[in-house]
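Participant: First the structure, then my questions, so here it is.
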Amino acid sequence: MSALEAVVGLTYLVAAATFVMGLHLMRSPATARTGNLLSAAGMASAILATVALVGCGEHFYVTGTGWAVLIAGTAVGSVAGAWGARRVKMTAMPQLVSLFNAVGGGAAALIAFPELLHQFEFMERLGADYSALPVSVLLFVGLDLLIGSITFTGSLIAAGKLQGWVSGAPISFPGSRLLMIASGLLGLGSVVWLIVSPGVAPMLVLTAASLAFGVLMVLPIGGADMPVVVSLLNAFTGLAVAMSGFVVGSDILIVAGGLVGASGTILTKLMADAMNRSVLSIMVGGFGTGDAPAGAAAASGGEVRRTDPDDVALRLAYASKVIIVPGYGLAAAQAQREAGELGKALTDRGVTVYYAIHPVAGRMPGHMNVLLAEADVPYPQLLEMEDVNPEFATCDVALVVGANDVTNPAARRQGNAISGMPILDVDKAKSIVVIKRSMGHGYAGLENELYTDSKTGMLFADAKKGLGQILAALKEYAA
């Protein structure tokens, strides 16, 4: 082993350690930024070490054209990443994550394809048959193409659904299920075909079938399930990267991909548990969607009591404990700053303020935490469901902003679409205010029984406008 190879190996080891430490730090909003920077530094060092090994190592060489490609790719990727990170709105972060998943899966698949072609060329030079290639090589190439291609198209469809370019409602057509199953079986069969009879034909069939499966898998999934889908596709990305590491013999790719795959799998399970559904049931199809006219009565037969910003501000002004419950309505209206300002105004008046974070609030895991952190909401005020639920019983006012299914008491009963789903115990608060644009129900297609609770007042308004009006009225009382 040369000195350069020893240094590169040590760099890979340090980079792997930074990945693990970075993931650990990302568990808390207070340390997530540090963890992200640490992981980014580790990846940058791994990339530089790889370039040095490939360009200057004893067993590798890069031509002038090769260096141009490396430099151009690094420059374009760096500029695109920096531009995207700075320009994207926090409400659009789920779409960006989905695009990153697509890029990761697609890149992994692109690694496998030319690598196997190179192996074929090498075998031809030796005058040997392709079948002489080790099964381990062919297996990892096949899995890389399978998982990477599924991740690529599946993530693109998920990003389209989140962005609104593709309908967020479940999309299917006659025979779509059978076509999805057929494409999946064809993809798996092509992996076996590639191992038994290596060649370009099984590679092409495998790639085409996997790309089709990715599209057909995500299209019938509803928007409410996108947090779980994003997590699952993130795990797929990690697995594809790990497979590409086995293909090219890169330890750092195996470690990085394994970490992403493991963390994504754990997060997917946690998200599914938070919805009281299995991952399989989510992948089979999502909730339906629908809308009811503004101000309509709930299905339970109760009546809706309207309120106005002045009344809400008065309740908040005389409260000792307020819990703000953010939902997708807050994210869609980009009202995180108004929510943060309202919380600060109440805190300044001596009111105890918490923000109740349901695991599937928003459009991806941690989405609501990131939005509120961007609005400078103090980290100690962000409470997860298991921590905040006991607080509702002693809460004077629960202010629900755009959350629906995650606050619906119907989840405690059997026989409906959200039965058994863990919810925020908003109905246990002494007084409840819900800010919504209309009485439209959530992705589960159920009327929210919270809205007809005798303690609930409905403020029909856009989240940003409604919170702004409440804040203005509160300041008048303070004056």
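Letters A, B, ... go to the chains of the structure tokens in the order shown; residues in each chain start at 1; ligands are counted from 1 in the same order.
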Which residues come within 12 Å of range 68-73 of chain A, counting only C-alpha atoms, excluding same-chain residues fewer than 2 positions away, as an mmCIF file with N, CA, C and O atoms, in the first residue's frame?
Facilitator:
```cif
data_model
loop_
_atom_site.group_PDB
_atom_site.id
_atom_site.type_symbol
_atom_site.label_atom_id
_atom_site.label_comp_id
_atom_site.auth_asym_id
_atom_site.auth_seq_id
_atom_site.Cartn_x
_atom_site.Cartn_y
_atom_site.Cartn_z
ATOM 1 N N ILE A 47 -14.635 13.139 -0.822
ATOM 2 C CA ILE A 47 -14.600 13.420 -2.258
ATOM 3 C C ILE A 47 -13.200 13.827 -2.690
ATOM 4 O O ILE A 47 -12.662 13.345 -3.704
ATOM 5 N N LEU A 48 -12.573 14.722 -1.926
ATOM 6 C CA LEU A 48 -11.221 15.181 -2.260
ATOM 7 C C LEU A 48 -10.222 14.016 -2.205
ATOM 8 O O LEU A 48 -9.327 13.909 -3.062
ATOM 9 N N THR A 50 -10.900 10.857 -2.729
ATOM 10 C CA THR A 50 -11.162 9.991 -3.874
ATOM 11 C C THR A 50 -10.556 10.569 -5.152
ATOM 12 O O THR A 50 -9.954 9.843 -5.962
ATOM 13 N N VAL A 51 -10.706 11.870 -5.349
ATOM 14 C CA VAL A 51 -10.130 12.528 -6.525
ATOM 15 C C VAL A 51 -8.612 12.379 -6.517
ATOM 16 O O VAL A 51 -7.983 12.103 -7.552
ATOM 17 N N ALA A 52 -8.005 12.545 -5.338
ATOM 18 C CA ALA A 52 -6.553 12.404 -5.231
ATOM 19 C C ALA A 52 -6.110 10.980 -5.553
ATOM 20 O O ALA A 52 -5.114 10.761 -6.258
ATOM 21 N N VAL A 54 -7.761 8.662 -7.376
ATOM 22 C CA VAL A 54 -8.003 8.334 -8.782
ATOM 23 C C VAL A 54 -7.060 9.096 -9.699
ATOM 24 O O VAL A 54 -6.567 8.561 -10.699
ATOM 25 N N GLY A 55 -6.766 10.339 -9.354
ATOM 26 C CA GLY A 55 -5.948 11.164 -10.239
ATOM 27 C C GLY A 55 -4.456 11.007 -10.059
ATOM 28 O O GLY A 55 -3.689 11.201 -11.004
ATOM 29 N N VAL A 62 -6.008 9.574 -14.592
ATOM 30 C CA VAL A 62 -7.081 10.343 -15.195
ATOM 31 C C VAL A 62 -6.492 11.142 -16.342
ATOM 32 O O VAL A 62 -5.493 11.850 -16.175
ATOM 33 N N THR A 63 -7.086 11.038 -17.509
ATOM 34 C CA THR A 63 -6.613 11.775 -18.668
ATOM 35 C C THR A 63 -7.013 13.240 -18.568
ATOM 36 O O THR A 63 -7.738 13.647 -17.661
ATOM 37 N N GLY A 64 -6.564 14.016 -19.537
ATOM 38 C CA GLY A 64 -6.944 15.424 -19.561
ATOM 39 C C GLY A 64 -8.442 15.596 -19.643
ATOM 40 O O GLY A 64 -9.036 16.432 -18.961
ATOM 41 N N THR A 65 -9.089 14.761 -20.470
ATOM 42 C CA THR A 65 -10.545 14.813 -20.582
ATOM 43 C C THR A 65 -11.197 14.411 -19.263
ATOM 44 O O THR A 65 -12.198 15.013 -18.834
ATOM 45 N N GLY A 66 -10.608 13.419 -18.621
ATOM 46 C CA GLY A 66 -11.142 12.968 -17.339
ATOM 47 C C GLY A 66 -11.102 14.068 -16.288
ATOM 48 O O GLY A 66 -12.072 14.269 -15.539
ATOM 49 N N ALA A 75 -17.911 21.516 -10.210
ATOM 50 C CA ALA A 75 -18.338 22.910 -10.260
ATOM 51 C C ALA A 75 -19.852 23.029 -10.437
ATOM 52 O O ALA A 75 -20.526 23.766 -9.713
ATOM 53 N N VAL A 76 -20.383 22.269 -11.393
ATOM 54 C CA VAL A 76 -21.834 22.337 -11.655
ATOM 55 C C VAL A 76 -22.621 21.857 -10.441
ATOM 56 O O VAL A 76 -23.604 22.497 -10.017
ATOM 57 N N GLY A 77 -22.197 20.743 -9.866
ATOM 58 C CA GLY A 77 -22.901 20.218 -8.693
ATOM 59 C C GLY A 77 -22.839 21.159 -7.508
ATOM 60 O O GLY A 77 -23.835 21.354 -6.802
ATOM 61 N N SER A 78 -21.676 21.760 -7.277
ATOM 62 C CA SER A 78 -21.530 22.676 -6.140
ATOM 63 C C SER A 78 -22.393 23.911 -6.310
ATOM 64 O O SER A 78 -23.068 24.362 -5.375
ATOM 65 N N VAL A 79 -22.367 24.481 -7.519
ATOM 66 C CA VAL A 79 -23.167 25.685 -7.778
ATOM 67 C C VAL A 79 -24.659 25.369 -7.669
ATOM 68 O O VAL A 79 -25.425 26.118 -7.045
ATOM 69 N N ALA A 80 -25.077 24.253 -8.255
ATOM 70 C CA ALA A 80 -26.490 23.874 -8.205
ATOM 71 C C ALA A 80 -26.940 23.616 -6.769
ATOM 72 O O ALA A 80 -28.030 24.036 -6.357
ATOM 73 N N GLY A 81 -26.090 22.943 -5.984
ATOM 74 C CA GLY A 81 -26.436 22.668 -4.592
ATOM 75 C C GLY A 81 -26.539 23.929 -3.765
ATOM 76 O O GLY A 81 -27.491 24.116 -2.996
#
```
Participant: Please identify all polymer residues within 6 Å of Thr268 in chain A, counting only C-alpha atoms, omitting same-chain residues fewer than 5 positions from it, and present them as a PyMOL selection string.
Facilitator: chain A and resi 228+231-232
Participant: Create the file for the chosen residues now, containing N, CA and C atoms and written as a PDB file, in the first residue's frame.
Facilitator:
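Output file selection.pdb follows:
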```
ATOM      1  N   VAL A 228     -44.151   9.495   4.779  1.00  0.00           N
ATOM      2  CA  VAL A 228     -43.632   8.125   4.853  1.00  0.00           C
ATOM      3  C   VAL A 228     -42.937   7.746   3.555  1.00  0.00           C
ATOM      4  N   SER A 231     -39.474   9.256   3.367  1.00  0.00           N
ATOM      5  CA  SER A 231     -38.559   8.514   4.235  1.00  0.00           C
ATOM      6  C   SER A 231     -38.153   7.186   3.601  1.00  0.00           C
ATOM      7  N   LEU A 232     -39.128   6.495   3.027  1.00  0.00           N
ATOM      8  CA  LEU A 232     -38.841   5.200   2.408  1.00  0.00           C
ATOM      9  C   LEU A 232     -37.899   5.354   1.214  1.00  0.00           C
TER      10      LEU A 232
END
```
Participant: Env of Phe100 in chain A: 10 Å cut, atoms = only C-alpha atoms, seq-sep filter 3 positions within chain, self excluded. Answer as a list of chain:residue names.
Facilitator: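 Once the nearby chain positions are removed, what remains is A:Gly81, A:Pro94, A:Gln95, A:Leu96, A:Val97, A:Val103, A:Gly104, A:Gly105, A:Gly106, A:Phe152, A:Ser155, A:Leu156, A:Ala159, A:Asn234, A:Thr237.
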Participant: Which parts of range 4-244 of chain A does DSSP call alpha helix (DSSP H) when run on the backbone here, written out as a PyMOL selection string?
Facilitator: chain A and resi 4-25+29-56+64-87+93-126+135-163+176-196+200-218+226-244
Participant: Please, what distance in Å, to one decimal, runs between CA of Val397 in chain A and CA of Ile432 in chain A?
Facilitator: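 Spanning CA of Val397 in chain A to CA of Ile432 in chain A is a straight-line distance of 5.5 Å.
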Participant: Give the answer as one residue: which of A:Met283, A:Met123, A:Ala403, A:Ala82 has the shortest atom-to-atom distance to Leu330 in chain A, using only C-alpha atoms?
Facilitator: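 Comparing A:Met283, A:Met123, A:Ala403, A:Ala82 against Leu330 in chain A, the winner is A:Ala403.
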Participant: Taking only range 138-362 of chain A into account, list the residues labelled strand (DSSP E) by DSSP (computed from the backbone), as a PyMOL selection string.
Facilitator: chain A and resi 321-326+352-357
Participant: List the spatial neighbours of range 252-262 of chain A as a PyMOL selection string - criterion: any atom at most 6 Å away, only C-alpha atoms, same-chain residues fewer than 4 positions off excluded.
Facilitator: chain A and resi 12+235+238-239+241-242+245
Participant: Take the residues just selected and output them with N, CA and C atoms as a PDB file, in the first residue's frame.
Facilitator:
```pdb
ATOM      1  N   TYR A  12     -11.023   8.273   4.756  1.00  0.00           N
ATOM      2  CA  TYR A  12     -12.319   7.601   4.681  1.00  0.00           C
ATOM      3  C   TYR A  12     -12.829   7.230   6.080  1.00  0.00           C
ATOM      4  N   ALA A 235     -34.450   5.862   2.314  1.00  0.00           N
ATOM      5  CA  ALA A 235     -33.807   4.583   2.657  1.00  0.00           C
ATOM      6  C   ALA A 235     -33.369   3.856   1.393  1.00  0.00           C
ATOM      7  N   GLY A 238     -30.115   5.259   0.152  1.00  0.00           N
ATOM      8  CA  GLY A 238     -28.971   4.739   0.904  1.00  0.00           C
ATOM      9  C   GLY A 238     -28.592   3.335   0.474  1.00  0.00           C
ATOM     10  N   LEU A 239     -29.602   2.468   0.282  1.00  0.00           N
ATOM     11  CA  LEU A 239     -29.319   1.103  -0.147  1.00  0.00           C
ATOM     12  C   LEU A 239     -28.671   1.079  -1.534  1.00  0.00           C
ATOM     13  N   VAL A 241     -26.853   3.437  -2.908  1.00  0.00           N
ATOM     14  CA  VAL A 241     -25.477   3.933  -2.768  1.00  0.00           C
ATOM     15  C   VAL A 241     -24.584   2.844  -2.179  1.00  0.00           C
ATOM     16  N   ALA A 242     -25.091   2.119  -1.199  1.00  0.00           N
ATOM     17  CA  ALA A 242     -24.304   1.028  -0.610  1.00  0.00           C
ATOM     18  C   ALA A 242     -24.007  -0.052  -1.649  1.00  0.00           C
ATOM     19  N   GLY A 245     -21.323   1.014  -3.807  1.00  0.00           N
ATOM     20  CA  GLY A 245     -20.039   0.877  -3.111  1.00  0.00           C
ATOM     21  C   GLY A 245     -19.467  -0.510  -3.253  1.00  0.00           C
TER      22      GLY A 245
END
```
Participant: Ranking A:Met385, A:Val14, A:Glu5, A:Arg33 by minimum distance to Cys56 in chain A and counting only C-alpha atoms, which one comes first?
Facilitator: A:Glu5
Participant: Between CA of Gly340 in chain A and CA of Phe460 in chain A, what is the spacing in Å?
Facilitator: 20.1 Å
Participant: Fewer than 5 positions away in the same chain doesn't count, so skip those; otherwise give me all residues within 10 Å of Gly302 in chain A, counting only C-alpha atoms, as a PyMOL selection string.
Facilitator: chain A and resi 297+449-454
Participant: One decimal, Å: what's the distance from CA of Ala46 in chain A over to CA of Thr74 in chain A, could you say?
Facilitator: 13.3 Å
Participant: Could you give me, as a Markdown table, a per-residue list for range 186-293 of chain A showing, wherever an atom lies at most 7 Å from an atom of range 354-361 of chain A, the closest pair of atoms and their distance in Å to one decimal, using only C-alpha atoms and sorting by chain then residue number from low to high?
Facilitator:
```
| residue | atom | partner | partner_atom | distance |
| --- | --- | --- | --- | --- |
| A:Pro227 | CA | A:Val360 | CA | 6.6 |
| A:Met271 | CA | A:Pro359 | CA | 6.5 |
| A:Ala274 | CA | A:Pro359 | CA | 6.3 |
```
Participant: Which residues are near Thr91 in chain A? Cut-off 8 Å, only C-alpha atoms, ignore same chain within fewer than 3 positions. Put them as a PyMOL selection string.
Facilitator: chain A and resi 94+331-332+334+371
Participant: With a distance cut-off of 7 Å and only C-alpha atoms, select the neighbouring residues of Leu206 in chain A, excluding the residue or stretch itself and same-chain residues fewer than 6 positions from it, and output the selection as an MDAnalysis selection string.
Facilitator: chainID A and resid 146 187 190:191
Participant: Let me make sure I understand: among A:Pro114, A:Gly199, A:Pro409, A:Gly175, which one has the smallest atom-to-atom distance to Leu133 in chain A if we use only C-alpha atoms?
Facilitator: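 Using only C-alpha atoms, the shortest distance to Leu133 in chain A belongs to A:Gly199.
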